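Written out below as structure tokens is the structure these notes cover.
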Amino acid sequence: MTTTPRIDDLIEDDVDVTPQTLLTDLAQLHLRAIAPPTPRYPAAMGWQMQAAALAGLSTRLLHALLAAAPQAAAELAEWYAGPFGDGPDLIDGVEWLDDHVARPAGADIEAWILEGRRAAEKAAARVADRDDDSDAVHRYFSLSYANYLVLPRTLMQSMPGEWQAQFVHLLKQLDETFEGAPQAEAYIVQAAVEKPAYDLDVQERQAARVSVNSDQDDTMYTHRSLVGETTEVGPDDLVLVPVADPVPHYNRGRTRVTPGGRSL
């Protein structure tokens with residue numbers, strides 16, 4: 001004779017479904033979603049950034065719910081764990097959306113599902129038609145806001161000759177392609193370290209061209225660029241403090257550096 005097992009018997013004993021554990025999982029999910037490298041395709045990157053935003057939002061909402069209604073937070077964590085401890089029941093999620101969101105809003109849940117399917121099909125088509133290498137440079141920069149790539153001359157001349165020849169060939173292609181395009185005559189490159197504005201001492205503020213704005217109720221800072229443009233900076237914002245360059249001078253092409261950083 002066989003008996004149908006109860007749901008409680010199917011859940012592993014070591015599955016932790018407490019709100020505190022869910023908070024930890026959501027926080028880690030948020031950090032994982034914003035960590036480089038970013039996905040290969042922009043559509044995938046968009047979904048990953050959306051997942052990061054939703055994980056961050058869920059973490060804050062669960063934290064607030066745990067403080068205001070611990071029992072409700074526990075029930076939500078148990079739902080999220082799912083009947084078998086491996087995630088929520090997705091079909092149940094659709095039914096809940098229909099009962100509590102779509103119908104009260106006078107909307108048709110099937111229309112929402114169809115719209116989502118069409119959007120997914122369009123995204124898949126764009127990915128299929130996309131040149132795989134057309135955004136390789138953008139992907140290399142990952143989530144950085146950097147507008148330029150700085151490559152120390154000494155390190156480049158320390159690479160093997162074959163690599164240098166290939167690199168110079170690509171640089172020549174770049175120069176030929178954009179010959180005549182508007183560009184600055186020269187650029188200033190300065191080695192620096194990043195520090196939050198609140199952590200700068202007087203000498204560092206002077207070197208970074210940062211001043212304290214004492215006219216505000218909250219302490220704020222002002223950064224002045226080399227051409228006189230000013231930008232308001234928050235206490236936790238990172239600013240660049242000039243330092244000595246740790247990479248040795250190229251010395252007319254003579255300096256060589258090993259992968260470990262030792263000069264030859």
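Following the order of the structure tokens, chains are lettered A, B, ..., residues in each are numbered from 1, and ligands are numbered from 1.
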
Kindly provide the residues of stretch 143-166 of chain A that approach stretch 178-201 of chain A to within 12 Å, each paired with its closest atom pair and their distance in Å to one decimal, based on only C-alpha atoms, listed by chain and increasing number, as JSON lines.
{"residue": "A:Tyr148", "atom": "CA", "partner": "A:Val189", "partner_atom": "CA", "distance": 10.5}
{"residue": "A:Leu149", "atom": "CA", "partner": "A:Val189", "partner_atom": "CA", "distance": 10.7}
{"residue": "A:Val150", "atom": "CA", "partner": "A:Val189", "partner_atom": "CA", "distance": 8.1}
{"residue": "A:Leu151", "atom": "CA", "partner": "A:Val189", "partner_atom": "CA", "distance": 10.4}
{"residue": "A:Pro152", "atom": "CA", "partner": "A:Val189", "partner_atom": "CA", "distance": 10.3}

Practice problem: Can you check which residues of stretch 130-216 of chain A DSSP gives as helix (DSSP H, G or I) on the backbone and send them as a PyMOL selection string? | Solution: chain A and resi 136-141+153-157+161-177+197-199+202-208

Quiz item: Could you pull the residues within 6 Å of stretch 219-224 of chain A, counting only C-alpha atoms, minus those fewer than 6 positions along the same chain, as a PyMOL selection string?
Solution: chain A and resi 209-213+230-234

Quiz item: So how many Å separate atom CA of A:Arg32 and atom CA of A:Glu115, to one decimal?
Solution: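 For atom CA of A:Arg32 relative to atom CA of A:Glu115, the distance reads 28.7 Å.
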
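Contact shell of A:Arg153 at 12 Å (only C-alpha atoms; same-chain neighbours under 6 positions omitted): A:Met159, A:Gln164, A:Val247, A:Pro248, A:His249, A:Tyr250, A:Asn251, A:Arg252, A:Gly253, A:Arg254, A:Thr255, A:Arg256, A:Val257.
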
Quiz prompt | Close residues, A:Ala77 itself excluded, 12 Å, only C-alpha atoms, min 2 positions apart in chain, as a VMD selection string | solution = chain A and resid 15 to 26 58 to 59 62 to 63 65 to 66 70 to 75 79 to 83 85 87 to 88

Exercise. Work out how far atom CA of A:Thr38 is from atom CA of A:Ala51, in Å to one decimal.
Key: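 Atom-to-atom, atom CA of A:Ala51 to atom CA of A:Thr38, that is 12.8 Å.
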